$ cat start_30.tsv   # TSV, C-alpha atoms and all ligand atoms
chain	number	residue	atom	x	y	z
A	249	MET	CA	0.00	0.00	0.00
A	250	THR	CA	1.31	3.42	-0.89
A	251	ASP	CA	0.84	6.62	1.06
A	252	ARG	CA	-2.19	8.09	-0.68
A	253	ILE	CA	-1.58	11.65	0.45
A	254	SER	CA	1.42	12.26	-1.71
A	255	ALA	CA	2.99	15.42	-0.23
A	256	PRO	CA	2.48	17.32	3.01
A	257	ASP	CA	1.83	20.55	1.12
A	258	THR	CA	-0.91	18.98	-1.02
A	259	ASP	CA	-4.46	19.78	0.13
A	260	PRO	CA	-5.97	16.28	0.55
A	261	ASP	CA	-9.49	17.67	0.08
A	262	ARG	CA	-8.64	18.58	-3.51
A	263	LEU	CA	-9.72	16.22	-6.27
A	264	ASP	CA	-7.65	17.58	-9.15
A	265	GLY	CA	-7.20	15.04	-11.90
A	266	LEU	CA	-9.73	12.61	-10.41
A	267	LYS	CA	-12.75	11.39	-12.35
A	268	ALA	CA	-16.09	10.97	-10.60
A	269	LEU	CA	-19.50	9.54	-11.38
A	270	VAL	CA	-22.61	10.53	-9.37
A	271	THR	CA	-25.89	8.66	-9.82
A	272	GLY	CA	-29.05	10.68	-9.27
A	273	GLY	CA	-26.76	13.65	-9.73
A	274	ALA	CA	-29.21	15.98	-11.43
A	275	SER	CA	-31.13	17.02	-8.29
A	276	GLY	CA	-30.83	17.50	-4.55
A	277	ILE	CA	-27.96	15.80	-2.71
A	278	GLY	CA	-26.55	14.29	-5.92
A	279	LEU	CA	-26.44	17.62	-7.74
A	280	ALA	CA	-24.86	19.40	-4.77
A	281	THR	CA	-22.28	16.60	-4.62
A	282	ALA	CA	-21.51	16.69	-8.34
A	283	ARG	CA	-21.02	20.47	-8.16
A	284	LEU	CA	-18.78	20.28	-5.10
A	285	LEU	CA	-16.61	17.50	-6.56
A	286	ALA	CA	-16.21	19.61	-9.71
A	287	ALA	CA	-15.39	22.73	-7.65
A	288	ARG	CA	-12.63	20.73	-5.92
A	289	GLY	CA	-11.08	19.86	-9.26
A	290	ALA	CA	-12.68	16.56	-10.32
A	291	ASP	CA	-14.10	15.88	-13.77
A	292	VAL	CA	-17.65	14.73	-13.00
A	293	ALA	CA	-20.27	12.73	-14.89
A	294	VAL	CA	-23.84	12.40	-13.69
A	295	LEU	CA	-26.11	9.42	-14.36
A	296	ASP	CA	-29.77	10.32	-13.99
A	297	LEU	CA	-33.20	9.46	-15.37
A	298	ASP	CA	-33.37	13.13	-16.32
A	299	PRO	CA	-29.85	14.60	-16.51
A	300	SER	CA	-31.05	18.06	-17.62
A	301	GLY	CA	-30.36	19.56	-14.17
A	302	ALA	CA	-26.66	18.68	-14.46
A	303	ARG	CA	-25.18	21.50	-16.54
A	304	ALA	CA	-21.58	22.06	-17.71
A	305	PRO	CA	-18.93	21.43	-16.50
A	306	LEU	CA	-20.88	18.31	-15.39
A	307	HIS	CA	-21.32	15.62	-18.03
A	308	GLY	CA	-24.98	14.61	-17.93
A	309	ILE	CA	-25.77	11.05	-19.03
A	310	LYS	CA	-29.30	9.63	-19.17
A	311	ALA	CA	-29.52	6.26	-17.42
A	312	ASP	CA	-31.86	4.26	-15.20
A	313	VAL	CA	-30.16	2.48	-12.28
A	314	SER	CA	-33.01	-0.04	-12.18
A	315	ASP	CA	-32.04	-1.30	-15.66
A	316	GLU	CA	-28.88	-3.42	-16.01
A	317	THR	CA	-28.28	-2.56	-19.67
A	318	SER	CA	-28.85	1.14	-19.08
A	319	VAL	CA	-26.36	1.13	-16.18
A	320	ARG	CA	-23.73	-0.77	-18.16
A	321	GLU	CA	-24.06	1.63	-21.10
A	322	GLY	CA	-24.23	4.69	-18.85
A	323	VAL	CA	-21.13	3.78	-16.84
A	324	GLY	CA	-19.34	2.90	-20.11
A	325	ALA	CA	-20.26	6.29	-21.59
A	326	ALA	CA	-19.08	8.07	-18.44
A	327	VAL	CA	-15.74	6.24	-18.36
A	328	GLU	CA	-15.20	7.00	-22.03
A	329	ARG	CA	-15.98	10.70	-21.58
A	330	LEU	CA	-13.88	11.05	-18.42
A	331	GLY	CA	-11.05	8.76	-19.50
A	332	GLY	CA	-11.28	6.53	-16.41
A	333	LEU	CA	-12.96	6.47	-13.01
A	334	ASP	CA	-11.72	7.13	-9.46
A	335	ILE	CA	-14.88	8.03	-7.52
A	336	LEU	CA	-18.36	6.50	-7.61
A	337	VAL	CA	-21.17	8.14	-5.66
A	338	ASN	CA	-24.18	5.82	-5.50
A	339	ASN	CA	-26.86	8.33	-4.67
A	340	ALA	CA	-29.96	7.67	-6.81
A	341	GLY	CA	-32.87	6.67	-4.63
A	342	ILE	CA	-36.63	6.90	-4.29
A	343	GLY	CA	-38.94	7.04	-1.27
A	344	ALA	CA	-41.90	5.06	-0.04
A	345	ALA	CA	-44.28	5.76	2.82
A	346	GLY	CA	-46.30	3.28	4.84
A	347	THR	CA	-46.24	0.20	7.05
A	348	VAL	CA	-45.79	-3.35	5.74
A	349	GLU	CA	-49.55	-3.44	5.18
A	350	ASP	CA	-49.52	-0.39	2.94
A	351	ASN	CA	-46.97	-1.39	0.28
A	352	ASP	CA	-47.64	-4.35	-2.02
A	353	ASP	CA	-44.98	-6.66	-3.48
A	354	ALA	CA	-44.69	-4.60	-6.65
A	355	GLN	CA	-43.83	-1.50	-4.61
A	356	TRP	CA	-41.26	-3.47	-2.56
A	357	HIS	CA	-39.65	-4.80	-5.71
A	358	ARG	CA	-39.56	-1.33	-7.29
A	359	VAL	CA	-37.95	0.48	-4.34
A	360	LEU	CA	-35.43	-2.28	-3.60
A	361	ASP	CA	-34.63	-2.41	-7.32
A	362	VAL	CA	-33.72	1.29	-7.40
A	363	ASN	CA	-32.30	1.86	-3.91
A	364	VAL	CA	-30.34	-1.37	-3.41
A	365	LEU	CA	-29.86	-3.18	-6.72
A	366	GLY	CA	-29.25	0.17	-8.39
A	367	MET	CA	-26.10	0.54	-6.27
A	368	VAL	CA	-25.11	-3.08	-6.94
A	369	ARG	CA	-25.41	-2.64	-10.70
A	370	THR	CA	-23.49	0.65	-10.82
A	371	THR	CA	-20.73	-0.65	-8.57
A	372	ARG	CA	-20.43	-3.87	-10.57
A	373	ALA	CA	-20.01	-1.87	-13.77
A	374	ALA	CA	-17.59	0.59	-12.14
A	375	LEU	CA	-15.28	-1.77	-10.22
A	376	PRO	CA	-13.04	-2.84	-13.12
A	377	HIS	CA	-12.27	0.88	-13.68
A	378	LEU	CA	-11.98	1.76	-9.98
A	379	ARG	CA	-9.39	-1.00	-9.45
A	380	ARG	CA	-7.08	0.84	-11.88
A	381	SER	CA	-7.24	4.04	-9.80
A	382	ALA	CA	-4.72	4.99	-7.10
A	383	HIS	CA	-7.50	6.89	-5.28
A	384	ALA	CA	-10.55	4.66	-5.68
A	385	ALA	CA	-13.56	5.49	-3.52
A	386	VAL	CA	-17.22	4.53	-3.46
A	387	VAL	CA	-19.66	6.58	-1.39
A	388	ASN	CA	-23.25	5.38	-0.98
A	389	THR	CA	-26.10	7.67	0.06
A	390	CYS	CA	-27.77	5.77	2.86
A	391	SER	CA	-30.07	7.39	5.47
A	392	ILE	CA	-30.65	7.55	9.21
A	393	ALA	CA	-33.71	5.46	8.25
A	394	ALA	CA	-31.30	2.47	8.10
A	395	THR	CA	-31.15	2.27	11.89
A	396	ALA	CA	-33.64	4.78	13.35
A	397	GLY	CA	-36.81	2.66	13.37
A	398	LEU	CA	-38.92	5.28	11.59
A	399	PRO	CA	-42.70	4.92	11.71
A	400	GLN	CA	-44.51	4.74	8.35
A	401	ARG	CA	-41.30	3.99	6.45
A	402	ALA	CA	-41.01	0.16	6.51
A	403	LEU	CA	-40.01	-0.29	2.89
A	404	TYR	CA	-37.74	2.77	2.65
A	405	SER	CA	-36.02	1.86	5.95
A	406	ALA	CA	-35.46	-1.73	4.82
A	407	SER	CA	-33.93	-0.49	1.58
A	408	LYS	CA	-31.52	1.80	3.44
A	409	GLY	CA	-30.72	-0.93	5.99
A	410	ALA	CA	-29.63	-3.00	3.02
A	411	VAL	CA	-27.51	-0.10	1.74
A	412	LEU	CA	-25.73	0.09	5.10
A	413	SER	CA	-24.99	-3.67	5.11
A	414	LEU	CA	-23.96	-3.54	1.49
A	415	THR	CA	-21.55	-0.69	2.23
A	416	LEU	CA	-19.84	-2.70	4.99
A	417	ALA	CA	-19.68	-5.88	2.89
A	418	MET	CA	-18.28	-4.06	-0.12
A	419	ALA	CA	-15.72	-2.28	2.05
A	420	ALA	CA	-14.51	-5.67	3.28
A	421	ASP	CA	-14.48	-7.24	-0.18
A	422	HIS	CA	-12.46	-4.51	-1.84
A	423	VAL	CA	-10.18	-3.12	0.88
A	424	ARG	CA	-7.17	-5.09	-0.38
A	425	GLU	CA	-7.80	-3.84	-3.90
A	426	GLY	CA	-7.43	-0.25	-2.76
A	427	VAL	CA	-11.12	0.54	-3.22
A	428	ARG	CA	-12.61	2.29	-0.18
A	429	VAL	CA	-16.38	2.09	0.43
A	430	ASN	CA	-18.28	4.31	2.87
A	431	CYS	CA	-21.75	5.78	3.21
A	432	VAL	CA	-23.38	8.96	4.46
A	433	ASN	CA	-26.52	8.88	6.55
A	434	PRO	CA	-28.42	12.11	5.99
A	435	GLY	CA	-31.24	13.19	8.26
A	436	THR	CA	-34.09	15.06	6.63
A	437	ALA	CA	-32.38	17.09	3.94
A	438	ASP	CA	-33.81	20.13	2.19
A	439	THR	CA	-34.00	18.82	-1.39
A	440	PRO	CA	-36.64	18.84	-4.16
A	441	TRP	CA	-37.74	15.41	-2.83
A	442	VAL	CA	-38.67	16.85	0.57
A	443	GLY	CA	-40.10	19.91	-1.17
A	444	ARG	CA	-42.48	17.65	-3.11
A	445	LEU	CA	-43.60	15.94	0.12
A	446	LEU	CA	-44.24	19.31	1.78
A	447	ASP	CA	-46.07	20.65	-1.28
A	448	ALA	CA	-48.47	17.71	-1.03
A	449	ALA	CA	-49.53	18.77	2.51
A	450	ASP	CA	-52.67	20.84	3.11
A	451	ASP	CA	-50.56	23.70	4.47
A	452	PRO	CA	-46.98	23.36	3.17
A	453	GLU	CA	-45.64	26.32	5.15
A	454	ALA	CA	-47.07	25.03	8.45
A	455	GLU	CA	-45.78	21.54	7.61
A	456	ARG	CA	-42.29	22.92	6.91
A	457	ALA	CA	-42.31	24.85	10.20
A	458	ALA	CA	-43.37	21.70	12.08
A	459	LEU	CA	-40.69	19.65	10.33
A	460	ASN	CA	-38.01	22.21	11.23
A	461	ALA	CA	-39.22	22.27	14.83
A	462	ARG	CA	-38.75	18.48	15.09
A	463	GLN	CA	-35.05	18.72	14.16
A	464	PRO	CA	-32.48	18.96	16.98
A	465	MET	CA	-31.00	22.08	15.37
A	466	GLY	CA	-34.40	23.51	14.50
A	467	ARG	CA	-33.67	23.25	10.78
A	468	LEU	CA	-33.24	20.67	8.04
A	469	VAL	CA	-29.85	19.52	6.83
A	470	SER	CA	-28.85	21.17	3.54
A	471	ALA	CA	-27.96	19.22	0.40
A	472	GLU	CA	-24.60	21.04	0.42
A	473	GLU	CA	-23.83	19.80	3.94
A	474	VAL	CA	-24.42	16.19	2.86
A	475	ALA	CA	-22.34	16.84	-0.26
A	476	ALA	CA	-19.44	18.07	1.90
A	477	ALA	CA	-19.43	14.76	3.81
A	478	ILE	CA	-19.56	12.76	0.57
A	479	ALA	CA	-16.73	14.84	-0.92
A	480	TYR	CA	-14.61	14.20	2.19
A	481	LEU	CA	-15.19	10.43	2.07
A	482	ALA	CA	-14.37	10.46	-1.66
A	483	SER	CA	-11.17	12.44	-1.23
A	484	PRO	CA	-7.54	11.47	-0.49
A	485	ALA	CA	-8.12	13.14	2.93
A	486	ALA	CA	-10.12	10.00	3.83
A	487	ALA	CA	-7.44	7.61	2.53
A	488	SER	CA	-7.61	5.50	5.72
A	489	VAL	CA	-11.39	5.61	6.06
A	490	THR	CA	-13.41	2.65	4.82
A	491	GLY	CA	-16.48	0.78	6.06
A	492	THR	CA	-17.93	3.77	7.91
A	493	ALA	CA	-21.32	5.48	7.97
A	494	LEU	CA	-21.09	9.23	8.51
A	495	ALA	CA	-24.27	10.78	9.88
A	496	VAL	CA	-25.14	14.26	8.61
A	497	ASP	CA	-28.38	14.67	10.51
A	498	GLY	CA	-28.12	17.71	12.77
A	499	GLY	CA	-27.50	15.40	15.73
A	500	MET	CA	-30.62	13.26	15.30
A	501	GLN	CA	-28.77	9.91	15.61
A	502	GLY	CA	-26.09	10.92	18.08
A	503	LEU	CA	-28.68	12.45	20.39
A	504	ARG	CA	-30.84	9.32	20.00
A	505	LEU	CA	-33.82	11.25	18.71
A	506	ARG	CA	-36.29	10.03	16.12
A	507	PRO	CA	-37.71	12.15	13.31
A	508	VAL	CA	-41.38	11.25	13.95
B	601	LIG	P1	-34.10	14.05	-5.30
B	601	LIG	O1	-35.43	13.46	-5.69
B	601	LIG	O2	-33.97	15.54	-5.18
B	601	LIG	O3	-32.99	13.54	-6.33
B	601	LIG	C1	-32.91	12.18	-6.70
B	601	LIG	C2	-32.34	12.07	-8.11
B	601	LIG	O4	-32.25	10.68	-8.40
B	601	LIG	C3	-33.24	12.71	-9.17
B	601	LIG	O5	-32.47	13.52	-10.05
B	601	LIG	C4	-33.83	11.51	-9.90
B	601	LIG	O6	-34.11	11.76	-11.28
B	601	LIG	C5	-32.73	10.47	-9.72
B	601	LIG	N1	-33.23	9.10	-9.85
B	601	LIG	C6	-34.32	8.56	-9.24
B	601	LIG	N2	-34.51	7.30	-9.66
B	601	LIG	C7	-33.50	7.04	-10.54
B	601	LIG	C8	-33.16	5.91	-11.34
B	601	LIG	N3	-33.91	4.79	-11.34
B	601	LIG	N4	-32.06	5.99	-12.14
B	601	LIG	C9	-31.32	7.13	-12.19
B	601	LIG	N5	-31.61	8.24	-11.48
B	601	LIG	C10	-32.70	8.19	-10.66
B	601	LIG	O7	-33.70	13.30	-3.95
B	601	LIG	P2	-32.66	13.62	-2.76
B	601	LIG	O8	-33.43	14.07	-1.60
B	601	LIG	O9	-31.51	14.43	-3.26
B	601	LIG	O10	-32.18	12.13	-2.45
B	601	LIG	C11	-30.96	11.59	-2.93
B	601	LIG	C12	-30.58	10.40	-2.08
B	601	LIG	O11	-30.50	10.82	-0.72
B	601	LIG	C13	-31.56	9.22	-2.12
B	601	LIG	O12	-30.82	8.01	-2.13
B	601	LIG	C14	-32.30	9.36	-0.80
B	601	LIG	O13	-32.79	8.12	-0.32
B	601	LIG	C15	-31.21	9.90	0.10
B	601	LIG	N6	-31.69	10.60	1.28
B	601	LIG	C16	-32.44	11.72	1.18
B	601	LIG	C17	-32.87	12.35	2.33
B	601	LIG	C18	-33.70	13.60	2.29
B	601	LIG	O14	-34.24	13.98	3.34
B	601	LIG	N7	-33.81	14.29	1.17
B	601	LIG	C19	-32.55	11.83	3.60
B	601	LIG	C20	-31.78	10.66	3.66
B	601	LIG	C21	-31.36	10.06	2.49
$ encode --input "start_30.tsv" --output "structure tokens"
Amino acid sequence: MTDRISAPDTDPDRLDGLKALVTGGASGIGLATARLLAARGADVAVLDLDPSGARAPLHGIKADVSDETSVREGVGAAVERLGGLDILVNNAGIGAAGTVEDNDDAQWHRVLDVNVLGMVRTTRAALPHLRRSAHAAVVNTCSIAATAGLPQRALYSASKGAVLSLTLAMAADHVREGVRVNCVNPGTADTPWVGRLLDAADDPEAERAALNARQPMGRLVSAEEVAAAIAYLASPAAASVTGTALAVDGGMQGLRLRPV
């Protein structure tokens, strides 16, 4: 193993010369991450169902993580455009509300297909390229739902529990190959996703105020704050960090609170 932070006067947060791929990178946490990675010097491609939100210098590529062929072609197109791959951010995900009685098998299959198998497919396609990198990192967007025991989120929580386990297993499988694997666990983050949920309420402003009031810090986490954690885990600064879950939740987990 080589020392991955090459010189003491090199800023290990910088990503100059590195090539990154962010799934679900055209909105919310993924878009904030893609922008931050690019600002730190990486060349960044975005895989998304609708890549129109990912503007230059980001390379937007249309792909569906729930479709094996689409992922293979999308990752191939990204690697070709970037000329290799050092960083994979598995971020695409969808939500689901309800108890086990509320979601039928088709809904379970759909959410697990996107949230869990989506990461499996992208990682499988990316690994041959990541193994050639001297700074290979995978960061998965998990959630505090993985361990919090959230009411009315059985399916979503199960999908993120699987993402947490998958992160640890992948970290173990690939540590000797020089591929680090970590995840971030956001609390409720202020993204278009949460905006859509609030807009569906009878009184969105009152709902937003109530949601803020339930947070330990009295406010939601920002997409940029989650992106900063992802960028750290993806960077040479985290060269000795693998198999961890970094909570970015305003203290929700550490303070043992539950976002009910
Ligand atoms: P968002 O809806 O703003 O963005 C998600 C992006 O993923 C969109 O651009 C969408 O087009 C893309 N996407 C969805 N399905 C896809 C598919 N099959 N293939 C390719 N792209 C697809 O959502 P967000 O809030 O930024 O969430 C991003 C991730 O963060 C998700 O994995 C989510 O579970 C996780 N997360 C979000 C929160 C939160 O409060 N917002 C909290 C914890 C975890």
$ closest_atom_pairs --input "start_30.tsv" --of "chain A" --to "ligand LIG 601 (chain B)" --cutoff "8 Å" --atoms "only C-alpha atoms and all ligand atoms" --output "JSON lines"
{"residue": "A:Thr271", "atom": "CA", "partner": "B:LIG601", "partner_atom": "N5", "distance": 6.0}
{"residue": "A:Gly272", "atom": "CA", "partner": "B:LIG601", "partner_atom": "O4", "distance": 3.3}
{"residue": "A:Gly273", "atom": "CA", "partner": "B:LIG601", "partner_atom": "O5", "distance": 5.7}
{"residue": "A:Ala274", "atom": "CA", "partner": "B:LIG601", "partner_atom": "O5", "distance": 4.3}
{"residue": "A:Ser275", "atom": "CA", "partner": "B:LIG601", "partner_atom": "O5", "distance": 4.1}
{"residue": "A:Gly276", "atom": "CA", "partner": "B:LIG601", "partner_atom": "O9", "distance": 3.4}
{"residue": "A:Ile277", "atom": "CA", "partner": "B:LIG601", "partner_atom": "O9", "distance": 3.8}
{"residue": "A:Gly278", "atom": "CA", "partner": "B:LIG601", "partner_atom": "O9", "distance": 5.6}
{"residue": "A:Leu279", "atom": "CA", "partner": "B:LIG601", "partner_atom": "O9", "distance": 7.5}
{"residue": "A:Leu295", "atom": "CA", "partner": "B:LIG601", "partner_atom": "C9", "distance": 6.1}
{"residue": "A:Asp296", "atom": "CA", "partner": "B:LIG601", "partner_atom": "N5", "distance": 3.7}
{"residue": "A:Leu297", "atom": "CA", "partner": "B:LIG601", "partner_atom": "C9", "distance": 4.4}
{"residue": "A:Asp298", "atom": "CA", "partner": "B:LIG601", "partner_atom": "O6", "distance": 5.3}
{"residue": "A:Pro299", "atom": "CA", "partner": "B:LIG601", "partner_atom": "O5", "distance": 7.1}
{"residue": "A:Gly301", "atom": "CA", "partner": "B:LIG601", "partner_atom": "O5", "distance": 7.6}
{"residue": "A:Lys310", "atom": "CA", "partner": "B:LIG601", "partner_atom": "C9", "distance": 7.7}
{"residue": "A:Ala311", "atom": "CA", "partner": "B:LIG601", "partner_atom": "C9", "distance": 5.6}
{"residue": "A:Asp312", "atom": "CA", "partner": "B:LIG601", "partner_atom": "N4", "distance": 3.5}
{"residue": "A:Val313", "atom": "CA", "partner": "B:LIG601", "partner_atom": "N4", "distance": 4.0}
{"residue": "A:Ser314", "atom": "CA", "partner": "B:LIG601", "partner_atom": "N3", "distance": 5.0}
{"residue": "A:Asp315", "atom": "CA", "partner": "B:LIG601", "partner_atom": "N3", "distance": 7.7}
{"residue": "A:Asn338", "atom": "CA", "partner": "B:LIG601", "partner_atom": "O12", "distance": 7.8}
{"residue": "A:Asn339", "atom": "CA", "partner": "B:LIG601", "partner_atom": "O12", "distance": 4.7}
{"residue": "A:Ala340", "atom": "CA", "partner": "B:LIG601", "partner_atom": "O4", "distance": 4.1}
{"residue": "A:Gly341", "atom": "CA", "partner": "B:LIG601", "partner_atom": "O12", "distance": 3.5}
{"residue": "A:Ile342", "atom": "CA", "partner": "B:LIG601", "partner_atom": "O13", "distance": 5.7}
{"residue": "A:Gly343", "atom": "CA", "partner": "B:LIG601", "partner_atom": "O13", "distance": 6.3}
{"residue": "A:Val362", "atom": "CA", "partner": "B:LIG601", "partner_atom": "N3", "distance": 5.3}
{"residue": "A:Asn363", "atom": "CA", "partner": "B:LIG601", "partner_atom": "O12", "distance": 6.6}
{"residue": "A:Gly366", "atom": "CA", "partner": "B:LIG601", "partner_atom": "N3", "distance": 7.2}
{"residue": "A:Thr389", "atom": "CA", "partner": "B:LIG601", "partner_atom": "O12", "distance": 5.2}
{"residue": "A:Cys390", "atom": "CA", "partner": "B:LIG601", "partner_atom": "C21", "distance": 5.6}
{"residue": "A:Ser391", "atom": "CA", "partner": "B:LIG601", "partner_atom": "C20", "distance": 4.1}
{"residue": "A:Ile392", "atom": "CA", "partner": "B:LIG601", "partner_atom": "C20", "distance": 6.5}
{"residue": "A:Ala393", "atom": "CA", "partner": "B:LIG601", "partner_atom": "C20", "distance": 7.2}
{"residue": "A:Tyr404", "atom": "CA", "partner": "B:LIG601", "partner_atom": "O13", "distance": 7.9}
{"residue": "A:Lys408", "atom": "CA", "partner": "B:LIG601", "partner_atom": "O13", "distance": 7.5}
{"residue": "A:Asn433", "atom": "CA", "partner": "B:LIG601", "partner_atom": "C20", "distance": 6.3}
{"residue": "A:Pro434", "atom": "CA", "partner": "B:LIG601", "partner_atom": "C20", "distance": 4.3}
{"residue": "A:Gly435", "atom": "CA", "partner": "B:LIG601", "partner_atom": "C19", "distance": 5.0}
{"residue": "A:Thr436", "atom": "CA", "partner": "B:LIG601", "partner_atom": "O14", "distance": 3.5}
{"residue": "A:Ala437", "atom": "CA", "partner": "B:LIG601", "partner_atom": "O14", "distance": 3.7}
{"residue": "A:Asp438", "atom": "CA", "partner": "B:LIG601", "partner_atom": "N7", "distance": 5.9}
{"residue": "A:Thr439", "atom": "CA", "partner": "B:LIG601", "partner_atom": "O8", "distance": 4.8}
{"residue": "A:Pro440", "atom": "CA", "partner": "B:LIG601", "partner_atom": "O2", "distance": 4.4}
{"residue": "A:Trp441", "atom": "CA", "partner": "B:LIG601", "partner_atom": "O1", "distance": 4.2}
{"residue": "A:Val442", "atom": "CA", "partner": "B:LIG601", "partner_atom": "N7", "distance": 5.5}
{"residue": "A:Val469", "atom": "CA", "partner": "B:LIG601", "partner_atom": "O14", "distance": 7.9}
{"residue": "A:Ala471", "atom": "CA", "partner": "B:LIG601", "partner_atom": "O9", "distance": 7.0}
$ closest_residue --input "start_30.tsv" --among "A:Leu365, A:Ala373, A:Ala485, A:Val292" --to "Gly308 in chain A" --atoms "all atoms listed in the file"
A:Val292
$ residues_around --input "start_30.tsv" --residues "range 411-413 of chain A" --least-positions-apart "4" --cutoff "7 Å" --atoms "all atoms listed in the file" --output "VMD selection string"
chain A and resid 364 390 394 407 417
$ closest_residue --input "start_30.tsv" --among "A:Ala268, A:Ala384, A:Ala448, A:Ala344" --to "Arg401 in chain A" --atoms "only C-alpha atoms"
A:Ala344
$ atom_distance --input "start_30.tsv" --atom1 "CA of Arg288 in chain A" --atom2 "CA of Thr492 in chain A"
22.5 Å
$ atom_distance --input "start_30.tsv" --atom1 "CA of Val294 in chain A" --atom2 "CA of Leu269 in chain A"
5.7 Å
$ closest_residue --input "start_30.tsv" --among "A:Ala449, A:Leu360, A:Arg456, A:Val270" --to "Ala410 in chain A" --atoms "only C-alpha atoms"
A:Leu360
$ atom_distance --input "start_30.tsv" --atom1 "CA of Pro376 in chain A" --atom2 "CA of Thr258 in chain A"
27.7 Å
$ residues_near_point --input "start_30.tsv" --point "(-48.0, -3.7, 10.0)" --cutoff "12 Å" --atoms "all atoms listed in the file" --output "list in words"
Gly346, Thr347, Val348, Glu349, Asp350, Asn351, Pro399, Gln400, Arg401, Ala402 and Leu403 of chain A
$ write_last_selection --input "start_30.tsv" --atoms "C-alpha atoms" --output "compact mmCIF listing (two decimals), in the frame of the given file"
# COMPACT_ATOMS: atom_id res chain seq x y z
CA GLY A 346 -46.30 3.28 4.84
CA THR A 347 -46.24 0.20 7.05
CA VAL A 348 -45.79 -3.35 5.74
CA GLU A 349 -49.55 -3.44 5.18
CA ASP A 350 -49.52 -0.39 2.94
CA ASN A 351 -46.97 -1.39 0.28
CA PRO A 399 -42.70 4.92 11.71
CA GLN A 400 -44.51 4.74 8.35
CA ARG A 401 -41.30 3.99 6.45
CA ALA A 402 -41.01 0.16 6.51
CA LEU A 403 -40.01 -0.29 2.89
$ build_atoms --input "start_30.tsv" --residues "range 397-411 of chain A" --atoms "N, CA and C atoms" --output "PDB file, in the coordinates of the input"
ATOM      1  N   GLY A 397     -35.491   3.201  13.040  1.00  0.00           N
ATOM      2  CA  GLY A 397     -36.810   2.660  13.370  1.00  0.00           C
ATOM      3  C   GLY A 397     -37.893   3.707  13.143  1.00  0.00           C
ATOM      4  N   LEU A 398     -37.958   4.213  11.916  1.00  0.00           N
ATOM      5  CA  LEU A 398     -38.920   5.280  11.590  1.00  0.00           C
ATOM      6  C   LEU A 398     -40.325   4.707  11.416  1.00  0.00           C
ATOM      7  N   PRO A 399     -41.332   5.345  11.981  1.00  0.00           N
ATOM      8  CA  PRO A 399     -42.700   4.920  11.710  1.00  0.00           C
ATOM      9  C   PRO A 399     -43.112   5.272  10.282  1.00  0.00           C
ATOM     10  N   GLN A 400     -43.955   4.463   9.695  1.00  0.00           N
ATOM     11  CA  GLN A 400     -44.510   4.740   8.350  1.00  0.00           C
ATOM     12  C   GLN A 400     -43.442   4.748   7.251  1.00  0.00           C
ATOM     13  N   ARG A 401     -42.363   4.031   7.473  1.00  0.00           N
ATOM     14  CA  ARG A 401     -41.300   3.990   6.450  1.00  0.00           C
ATOM     15  C   ARG A 401     -40.696   2.583   6.380  1.00  0.00           C
ATOM     16  N   ALA A 402     -41.536   1.533   6.446  1.00  0.00           N
ATOM     17  CA  ALA A 402     -41.010   0.160   6.510  1.00  0.00           C
ATOM     18  C   ALA A 402     -40.150  -0.175   5.287  1.00  0.00           C
ATOM     19  N   LEU A 403     -40.699   0.066   4.125  1.00  0.00           N
ATOM     20  CA  LEU A 403     -40.010  -0.290   2.890  1.00  0.00           C
ATOM     21  C   LEU A 403     -38.761   0.574   2.692  1.00  0.00           C
ATOM     22  N   TYR A 404     -38.894   1.865   2.829  1.00  0.00           N
ATOM     23  CA  TYR A 404     -37.740   2.770   2.650  1.00  0.00           C
ATOM     24  C   TYR A 404     -36.640   2.413   3.656  1.00  0.00           C
ATOM     25  N   SER A 405     -37.019   2.191   4.923  1.00  0.00           N
ATOM     26  CA  SER A 405     -36.020   1.860   5.950  1.00  0.00           C
ATOM     27  C   SER A 405     -35.306   0.560   5.626  1.00  0.00           C
ATOM     28  N   ALA A 406     -36.071  -0.446   5.176  1.00  0.00           N
ATOM     29  CA  ALA A 406     -35.460  -1.730   4.820  1.00  0.00           C
ATOM     30  C   ALA A 406     -34.470  -1.554   3.672  1.00  0.00           C
ATOM     31  N   SER A 407     -34.836  -0.704   2.718  1.00  0.00           N
ATOM     32  CA  SER A 407     -33.930  -0.490   1.580  1.00  0.00           C
ATOM     33  C   SER A 407     -32.630   0.172   2.050  1.00  0.00           C
ATOM     34  N   LYS A 408     -32.720   1.112   2.975  1.00  0.00           N
ATOM     35  CA  LYS A 408     -31.520   1.800   3.440  1.00  0.00           C
ATOM     36  C   LYS A 408     -30.727   0.929   4.429  1.00  0.00           C
ATOM     37  N   GLY A 409     -31.423   0.055   5.162  1.00  0.00           N
ATOM     38  CA  GLY A 409     -30.720  -0.930   5.990  1.00  0.00           C
ATOM     39  C   GLY A 409     -29.853  -1.812   5.118  1.00  0.00           C
ATOM     40  N   ALA A 410     -30.396  -2.186   3.964  1.00  0.00           N
ATOM     41  CA  ALA A 410     -29.630  -3.000   3.020  1.00  0.00           C
ATOM     42  C   ALA A 410     -28.438  -2.216   2.471  1.00  0.00           C
ATOM     43  N   VAL A 411     -28.624  -0.929   2.238  1.00  0.00           N
ATOM     44  CA  VAL A 411     -27.510  -0.100   1.740  1.00  0.00           C
ATOM     45  C   VAL A 411     -26.384  -0.041   2.774  1.00  0.00           C
TER      46      VAL A 411
END
